[in-house]
$ cat structure04.txt   # compact mmCIF, C-alpha atoms
# COMPACT_ATOMS: atom_id res chain seq x y z
CA MET A 1 85.06 94.06 83.60
CA SER A 2 87.86 93.91 86.14
CA ALA A 3 90.47 92.94 83.54
CA GLU A 4 89.63 96.09 81.58
CA THR A 5 89.77 98.12 84.79
CA TYR A 6 93.27 96.83 85.48
CA PHE A 7 94.50 97.79 82.00
CA LYS A 8 93.07 101.29 82.41
CA GLN A 9 94.63 101.64 85.86
CA ALA A 10 97.94 100.42 84.43
CA GLU A 11 97.85 103.01 81.64
CA THR A 12 97.09 105.76 84.14
CA LEU A 13 99.89 104.55 86.41
CA ILE A 14 102.55 104.58 83.68
CA GLU A 15 101.48 108.04 82.53
CA ARG A 16 101.59 109.31 86.12
CA ILE A 17 105.15 108.02 86.48
CA ARG A 18 106.18 109.65 83.19
CA GLU A 19 104.67 113.00 84.14
CA SER A 20 105.84 113.21 87.75
CA GLN A 21 109.10 111.23 87.90
CA PHE A 22 110.74 111.98 84.56
CA ASP A 23 113.32 114.45 85.88
CA ARG A 24 114.30 112.10 88.69
CA ILE A 25 114.70 109.24 86.24
CA LEU A 26 116.94 111.42 84.03
CA GLN A 27 119.11 112.42 87.00
CA ALA A 28 119.37 108.86 88.25
CA ALA A 29 120.32 107.63 84.77
CA ALA A 30 123.04 110.29 84.55
CA TRP A 31 124.54 109.02 87.81
CA MET A 32 124.29 105.45 86.58
CA ALA A 33 126.06 106.39 83.34
CA ASP A 34 128.77 108.13 85.38
CA SER A 35 129.35 104.94 87.38
CA ILE A 36 129.53 102.66 84.37
CA GLN A 37 131.77 105.05 82.43
CA ALA A 38 134.14 105.25 85.40
CA GLY A 39 134.45 101.46 85.52
CA GLY A 40 132.19 101.15 88.55
CA TRP A 41 128.94 99.29 89.05
CA VAL A 42 125.28 100.08 89.19
CA TYR A 43 124.31 97.66 91.96
CA LEU A 44 120.69 96.52 92.21
CA PHE A 45 119.06 95.28 95.40
CA GLY A 46 115.61 94.19 96.50
CA SER A 47 114.01 91.56 98.69
CA GLY A 48 110.72 89.69 98.49
CA HIS A 49 108.74 90.78 95.44
CA SER A 50 111.19 93.64 94.98
CA VAL A 51 113.80 91.14 93.80
CA LEU A 52 111.88 90.92 90.50
CA PRO A 53 113.27 94.14 88.95
CA VAL A 54 116.74 93.21 90.22
CA LEU A 55 116.55 89.98 88.23
CA ASP A 56 114.93 91.66 85.25
CA VAL A 57 117.47 94.44 84.69
CA PHE A 58 120.51 92.23 84.14
CA PRO A 59 121.28 89.86 82.57
CA ARG A 60 118.55 90.06 79.97
CA TYR A 61 118.11 90.97 76.33
CA GLY A 62 118.32 94.72 75.85
CA SER A 63 120.51 95.37 78.88
CA PHE A 64 124.26 95.71 79.11
CA VAL A 65 127.34 95.23 81.26
CA GLY A 66 127.63 97.66 84.16
CA PHE A 67 124.63 96.50 86.20
CA ARG A 68 125.34 94.10 89.06
CA PRO A 69 122.36 92.42 90.73
CA ILE A 70 122.52 91.51 94.41
CA ALA A 71 120.06 88.68 94.91
CA ASP A 72 120.25 86.78 98.19
CA PRO A 73 118.28 83.52 97.79
CA ARG A 74 117.25 83.78 101.44
CA LEU A 75 115.51 87.08 100.64
CA MET A 76 113.38 85.64 97.86
CA TRP A 77 110.93 82.77 97.79
CA CYS A 78 110.87 79.41 96.02
CA ASN A 79 107.80 78.16 97.89
CA VAL A 80 104.64 79.59 99.43
CA VAL A 81 105.05 78.09 102.92
CA GLY A 82 107.67 75.86 104.45
CA PRO A 83 111.37 75.99 103.50
CA GLY A 84 111.99 78.86 101.11
CA GLY A 85 108.46 80.11 101.73
CA ALA A 86 107.08 83.61 102.12
CA PRO A 87 106.66 83.66 105.94
CA PRO A 88 110.36 83.09 106.78
CA LEU A 89 111.39 85.50 104.03
CA LEU A 90 109.11 88.20 105.41
CA TRP A 91 110.55 87.60 108.87
CA LEU A 92 114.17 87.74 107.71
CA GLU A 93 113.90 90.96 105.69
CA ARG A 94 112.70 92.72 108.86
CA GLN A 95 115.67 91.60 110.98
CA GLU A 96 118.13 94.39 111.65
CA GLY A 97 121.79 93.55 111.09
CA TYR A 98 121.27 90.77 108.58
CA ILE A 99 121.88 92.65 105.34
CA ALA A 100 125.43 93.74 106.25
CA ASN A 101 126.39 90.05 106.08
CA VAL A 102 125.14 89.93 102.49
CA LEU A 103 126.76 93.16 101.33
CA GLN A 104 130.21 92.70 102.86
CA ASP A 105 131.29 90.67 99.82
CA TYR A 106 130.66 93.63 97.48
CA SER A 107 133.19 96.46 97.15
CA PHE A 108 131.03 99.58 97.19
CA SER A 109 132.83 102.83 96.41
CA SER A 110 132.16 106.45 95.50
CA ARG A 111 132.20 105.61 91.79
CA ASP A 112 129.26 103.19 92.19
CA CYS A 113 125.49 103.57 92.47
CA LEU A 114 123.03 101.35 94.29
CA VAL A 115 119.42 101.08 93.18
CA VAL A 116 117.23 99.81 96.03
CA TYR A 117 113.72 98.59 95.27
CA SER A 118 111.08 98.46 98.00
CA HIS A 119 107.40 99.27 97.68
CA GLY A 120 107.00 99.76 101.42
CA GLY A 121 110.43 101.25 102.09
CA LEU A 122 110.21 100.32 105.77
CA ASN A 123 111.82 96.92 106.27
CA ALA A 124 115.35 96.55 107.58
CA ALA A 125 116.72 94.95 104.40
CA PRO A 126 116.21 97.90 102.01
CA VAL A 127 116.88 100.57 104.64
CA GLU A 128 120.10 98.95 105.80
CA ALA A 129 121.25 98.24 102.24
CA ALA A 130 120.94 101.96 101.52
CA LEU A 131 122.67 102.92 104.78
CA TYR A 132 125.52 100.48 104.11
CA ALA A 133 126.12 101.89 100.63
CA ARG A 134 125.96 105.50 101.81
CA GLU A 135 128.66 104.75 104.39
CA LYS A 136 130.91 103.67 101.49
CA GLY A 137 130.27 106.90 99.59
CA THR A 138 127.98 105.19 97.07
CA ARG A 139 125.06 107.11 95.62
CA VAL A 140 121.71 105.54 96.45
CA ILE A 141 118.67 105.58 94.18
CA ALA A 142 115.45 104.34 95.76
CA VAL A 143 112.44 103.12 93.79
CA THR A 144 109.61 103.08 96.29
CA SER A 145 106.05 104.15 97.04
CA LEU A 146 105.97 107.70 98.38
CA ALA A 147 102.34 107.09 99.34
CA ASN A 148 103.71 104.54 101.79
CA TYR A 149 106.37 107.00 102.87
CA ARG A 150 103.81 109.69 103.66
CA THR A 151 101.35 107.46 105.52
CA ARG A 152 103.45 104.87 107.36
CA ALA A 153 105.65 105.35 110.41
CA ALA A 154 109.26 104.18 110.30
CA THR A 155 109.83 100.72 111.75
CA HIS A 156 113.65 100.67 111.63
CA SER A 157 115.46 101.61 114.85
CA SER A 158 117.21 104.47 113.02
CA GLY A 159 113.84 106.15 112.61
CA MET A 160 114.44 106.33 108.86
CA LYS A 161 112.63 104.96 105.85
CA LEU A 162 114.24 104.10 102.51
CA ALA A 163 113.39 107.47 100.95
CA ASP A 164 115.13 109.22 103.86
CA VAL A 165 118.42 107.48 103.09
CA ALA A 166 118.36 107.78 99.29
CA ASP A 167 120.03 110.53 97.27
CA ILE A 168 117.11 110.25 94.83
CA ALA A 169 113.76 108.63 95.60
CA ILE A 170 111.79 107.69 92.49
CA ASP A 171 108.11 107.27 93.31
CA ASN A 172 106.50 104.18 91.78
CA CYS A 173 103.22 106.15 92.04
CA VAL A 174 101.38 103.08 93.33
CA PRO A 175 99.01 103.43 96.31
CA ALA A 176 100.22 102.10 99.64
CA GLU A 177 98.01 99.01 99.43
CA ASP A 178 99.58 98.15 96.02
CA ALA A 179 96.45 96.46 94.61
CA LEU A 180 94.51 98.50 92.03
CA VAL A 181 91.12 96.90 91.29
CA ASP A 182 87.95 96.99 93.39
CA VAL A 183 85.92 93.79 92.91
CA GLY A 184 83.32 94.53 95.57
CA ARG A 185 85.24 93.37 98.62
CA PRO A 186 87.09 95.39 101.30
CA GLU A 187 90.44 94.35 99.82
CA LYS A 188 91.41 95.29 96.27
CA VAL A 189 93.19 92.90 93.86
CA GLY A 190 95.67 93.22 90.99
CA ALA A 191 99.04 94.52 92.17
CA GLY A 192 100.60 97.54 90.48
CA SER A 193 104.07 97.87 91.99
CA THR A 194 105.83 95.25 89.87
CA LEU A 195 104.46 96.75 86.67
CA ALA A 196 105.57 100.20 87.85
CA VAL A 197 109.11 99.30 88.89
CA ILE A 198 109.79 97.29 85.73
CA ALA A 199 108.71 100.29 83.64
CA ILE A 200 110.92 102.60 85.71
CA SER A 201 113.82 100.16 85.48
CA MET A 202 113.64 99.82 81.72
CA ALA A 203 113.39 103.60 81.36
CA LEU A 204 116.56 103.86 83.46
CA VAL A 205 118.30 101.21 81.33
CA ALA A 206 117.33 102.98 78.11
CA GLU A 207 118.33 106.44 79.30
CA THR A 208 121.60 105.21 80.80
CA ALA A 209 122.46 103.52 77.51
CA ALA A 210 121.66 106.63 75.50
CA GLN A 211 123.82 108.81 77.73
CA LEU A 212 126.74 106.36 77.53
CA VAL A 213 126.52 106.18 73.73
CA ARG A 214 126.54 110.00 73.52
CA ARG A 215 129.74 109.94 75.60
CA GLY A 216 131.36 107.45 73.21
CA VAL A 217 131.25 104.50 75.63
CA THR A 218 131.02 101.05 74.03
CA LEU A 219 128.13 98.98 75.36
CA HIS A 220 128.29 95.21 75.79
CA THR A 221 124.60 94.49 75.27
CA PHE A 222 122.72 91.22 75.53
CA VAL A 223 120.93 90.56 72.26
CA SER A 224 118.36 87.90 71.44
CA PRO A 225 119.82 85.21 69.16
CA ASN A 226 116.61 85.60 67.14
CA VAL A 227 117.91 88.96 65.85
CA ALA A 228 119.30 88.64 62.34
CA GLY A 229 123.04 89.09 62.05
CA VAL A 230 123.88 88.35 65.69
CA SER A 231 126.96 86.15 65.92
CA PRO A 232 126.54 82.83 67.75
CA ASP A 233 129.05 83.85 70.42
CA HIS A 234 127.75 87.41 70.93
CA ASN A 235 126.28 86.85 74.37
CA GLU A 236 129.29 84.84 75.51
CA GLN A 237 131.34 87.93 74.70
CA VAL A 238 128.98 89.90 76.95
CA TYR A 239 129.59 87.44 79.77
CA ASP A 240 133.34 87.80 79.20
CA ALA A 241 133.04 91.58 79.44
CA TYR A 242 131.17 91.17 82.72
CA ARG A 243 133.89 88.85 84.04
CA ARG A 244 136.59 91.37 83.08
CA ARG A 245 134.77 94.13 84.96
CA LEU A 246 134.49 91.87 88.00
CA ARG A 247 138.24 91.24 87.94
CA SER A 248 139.06 94.92 87.55
$ encode --input "structure04.txt" --output "structure tokens"
Amino acid sequence: MSAETYFKQAETLIERIRESQFDRILQAAAWMADSIQAGGWVYLFGSGHSVLPVLDVFPRYGSFVGFRPIADPRLMWCNVVGPGGAPPLLWLERQEGYIANVLQDYSFSSRDCLVVYSHGGLNAAPVEAALYAREKGTRVIAVTSLANYRTRAATHSSGMKLADVADIAIDNCVPAEDALVDVGRPEKVGAGSTLAVIAISMALVAETAAQLVRRGVTLHTFVSPNVAGVSPDHNEQVYDAYRRRLRS
């Protein structure tokens, strides 16, 4: 059954990430903890489907103040075709020069990190986001498909792909085509990249938190109101902590 095949492929994928990318995840988390401890930000950027981990890291239950998502509504979809649809989004994320207009309102510095998500790692949006941050002295962590990196030629005029620009490139370990299940047609089905990057992201969140706690840093963590003992205003206090960091 294809559903069973997908679950098996998913298990193999997560184990492959754990075995091959663990040291990179630890190093990236250490840098992220450094940024948060120093009062900086861990910025998060993605476009198209790669906006999903950006939205999932923060704000959400089990995450904490220090992560700052960059989510341009023009680089995500709210429709299939037509206004807000996938075709104009796919066109825009390939246009060189656009992303600087998005990022100019964020104060990147050497105490910050930027995590850039892109399965392909070729489009202008992720490549130029990484280049922009590097120019500001910000460490760049890429979460991308190294299978794509090895098999696809650069399309950006710089001749670089996302992994070329990053200080650390974490491989999502997903094949270039992304889909995982053969159902007897030339094209496979059942994407793997979103599953992979969410797992990597939550591993980064968990490890960053653990390192900060070991350093004595207080975390302002979103907690489900369904957890016993959580005060009614707990998450409003988290929002207030986020606002204070923005002002500082």
$ closest_residue --input "structure04.txt" --among "A:Ile99, A:Ala28, A:Ala33, A:Ala133" --to "Arg214 (chain A)" --atoms "only C-alpha atoms"
A:Ala33
$ closest_residue --input "structure04.txt" --among "A:Val57, A:Val217, A:Ala153, A:Met76" --to "Leu90 (chain A)" --atoms "all atoms listed in the file"
A:Met76
$ residues_around --input "structure04.txt" --residues "Lys136 (chain A)" --least-positions-apart "2" --cutoff "7 Å" --atoms "all atoms listed in the file" --output "mmCIF file with C-alpha atoms, in the frame of the given file"
data_model
loop_
_atom_site.group_PDB
_atom_site.id
_atom_site.type_symbol
_atom_site.label_atom_id
_atom_site.label_comp_id
_atom_site.auth_asym_id
_atom_site.auth_seq_id
_atom_site.Cartn_x
_atom_site.Cartn_y
_atom_site.Cartn_z
ATOM 1 C CA PHE A 108 131.030 99.580 97.190
ATOM 2 C CA SER A 109 132.830 102.830 96.410
ATOM 3 C CA SER A 110 132.160 106.450 95.500
ATOM 4 C CA TYR A 132 125.520 100.480 104.110
ATOM 5 C CA ALA A 133 126.120 101.890 100.630
ATOM 6 C CA ARG A 134 125.960 105.500 101.810
ATOM 7 C CA THR A 138 127.980 105.190 97.070
#
$ closest_atom_pairs --input "structure04.txt" --of "region 174-228 of chain A" --to "region 17-23 of chain A" --cutoff "10 Å" --atoms "only C-alpha atoms" --output "Markdown table"
| residue | atom | partner | partner_atom | distance |
| --- | --- | --- | --- | --- |
| A:Val174 | CA | A:Ile17 | CA | 9.2 |
| A:Ala196 | CA | A:Ile17 | CA | 8.0 |
| A:Val197 | CA | A:Ile17 | CA | 9.9 |
| A:Ala199 | CA | A:Ile17 | CA | 9.0 |
| A:Ile200 | CA | A:Ile17 | CA | 8.0 |
| A:Ala203 | CA | A:Phe22 | CA | 9.4 |
$ atom_distance --input "structure04.txt" --atom1 "CA of Thr144 (chain A)" --atom2 "CA of Pro175 (chain A)"
10.6 Å
$ closest_residue --input "structure04.txt" --among "A:Gly97, A:Arg16, A:Ala147, A:Tyr43" --to "Arg111 (chain A)" --atoms "all atoms listed in the file"
A:Tyr43
$ atom_distance --input "structure04.txt" --atom1 "CA of Gly190 (chain A)" --atom2 "CA of Tyr6 (chain A)"
7.0 Å
$ atom_distance --input "structure04.txt" --atom1 "CA of Val205 (chain A)" --atom2 "CA of Ser63 (chain A)"
6.7 Å
$ residues_around --input "structure04.txt" --residues "region 68-73 of chain A" --least-positions-apart "4" --cutoff "10 Å" --atoms "all atoms listed in the file" --output "mmCIF file with C-alpha atoms, in the coordinates of the input"
data_model
loop_
_atom_site.group_PDB
_atom_site.id
_atom_site.type_symbol
_atom_site.label_atom_id
_atom_site.label_comp_id
_atom_site.auth_asym_id
_atom_site.auth_seq_id
_atom_site.Cartn_x
_atom_site.Cartn_y
_atom_site.Cartn_z
ATOM 1 C CA GLY A 40 132.190 101.150 88.550
ATOM 2 C CA TRP A 41 128.940 99.290 89.050
ATOM 3 C CA VAL A 42 125.280 100.080 89.190
ATOM 4 C CA TYR A 43 124.310 97.660 91.960
ATOM 5 C CA LEU A 44 120.690 96.520 92.210
ATOM 6 C CA PHE A 45 119.060 95.280 95.400
ATOM 7 C CA GLY A 46 115.610 94.190 96.500
ATOM 8 C CA SER A 47 114.010 91.560 98.690
ATOM 9 C CA GLY A 48 110.720 89.690 98.490
ATOM 10 C CA VAL A 51 113.800 91.140 93.800
ATOM 11 C CA LEU A 52 111.880 90.920 90.500
ATOM 12 C CA PRO A 53 113.270 94.140 88.950
ATOM 13 C CA VAL A 54 116.740 93.210 90.220
ATOM 14 C CA LEU A 55 116.550 89.980 88.230
ATOM 15 C CA ASP A 56 114.930 91.660 85.250
ATOM 16 C CA VAL A 57 117.470 94.440 84.690
ATOM 17 C CA PHE A 58 120.510 92.230 84.140
ATOM 18 C CA PRO A 59 121.280 89.860 82.570
ATOM 19 C CA TRP A 77 110.930 82.770 97.790
ATOM 20 C CA CYS A 78 110.870 79.410 96.020
ATOM 21 C CA GLY A 84 111.990 78.860 101.110
ATOM 22 C CA LEU A 89 111.390 85.500 104.030
ATOM 23 C CA ILE A 99 121.880 92.650 105.340
ATOM 24 C CA VAL A 102 125.140 89.930 102.490
ATOM 25 C CA LEU A 103 126.760 93.160 101.330
ATOM 26 C CA TYR A 106 130.660 93.630 97.480
ATOM 27 C CA LEU A 114 123.030 101.350 94.290
ATOM 28 C CA VAL A 115 119.420 101.080 93.180
ATOM 29 C CA VAL A 116 117.230 99.810 96.030
ATOM 30 C CA TYR A 242 131.170 91.170 82.720
ATOM 31 C CA LEU A 246 134.490 91.870 88.000
#
$ closest_residue --input "structure04.txt" --among "A:Glu128, A:Glu236, A:Glu96, A:Glu187" --to "Met160 (chain A)" --atoms "all atoms listed in the file"
A:Glu128
$ closest_residue --input "structure04.txt" --among "A:Arg74, A:Arg185, A:His220, A:Arg215" --to "Arg243 (chain A)" --atoms "all atoms listed in the file"
A:His220
$ closest_residue --input "structure04.txt" --among "A:Arg247, A:His156, A:Arg139, A:Arg94" --to "Cys113 (chain A)" --atoms "all atoms listed in the file"
A:Arg139
$ axis_aligned_box --input "structure04.txt" --around "region 47-65 of chain A" --padding-each-side "6 Å" --output "AutoDock Vina command-line options"
--center_x 118.0 --center_y 92.7 --center_z 87.3 --size_x 30.6 --size_y 18.0 --size_z 34.8
$ residues_around --input "structure04.txt" --residues "Val223 (chain A)" --least-positions-apart "4" --cutoff "7 Å" --atoms "all atoms listed in the file" --output "list in words"
Tyr61, Gly62 and Asn235 of chain A
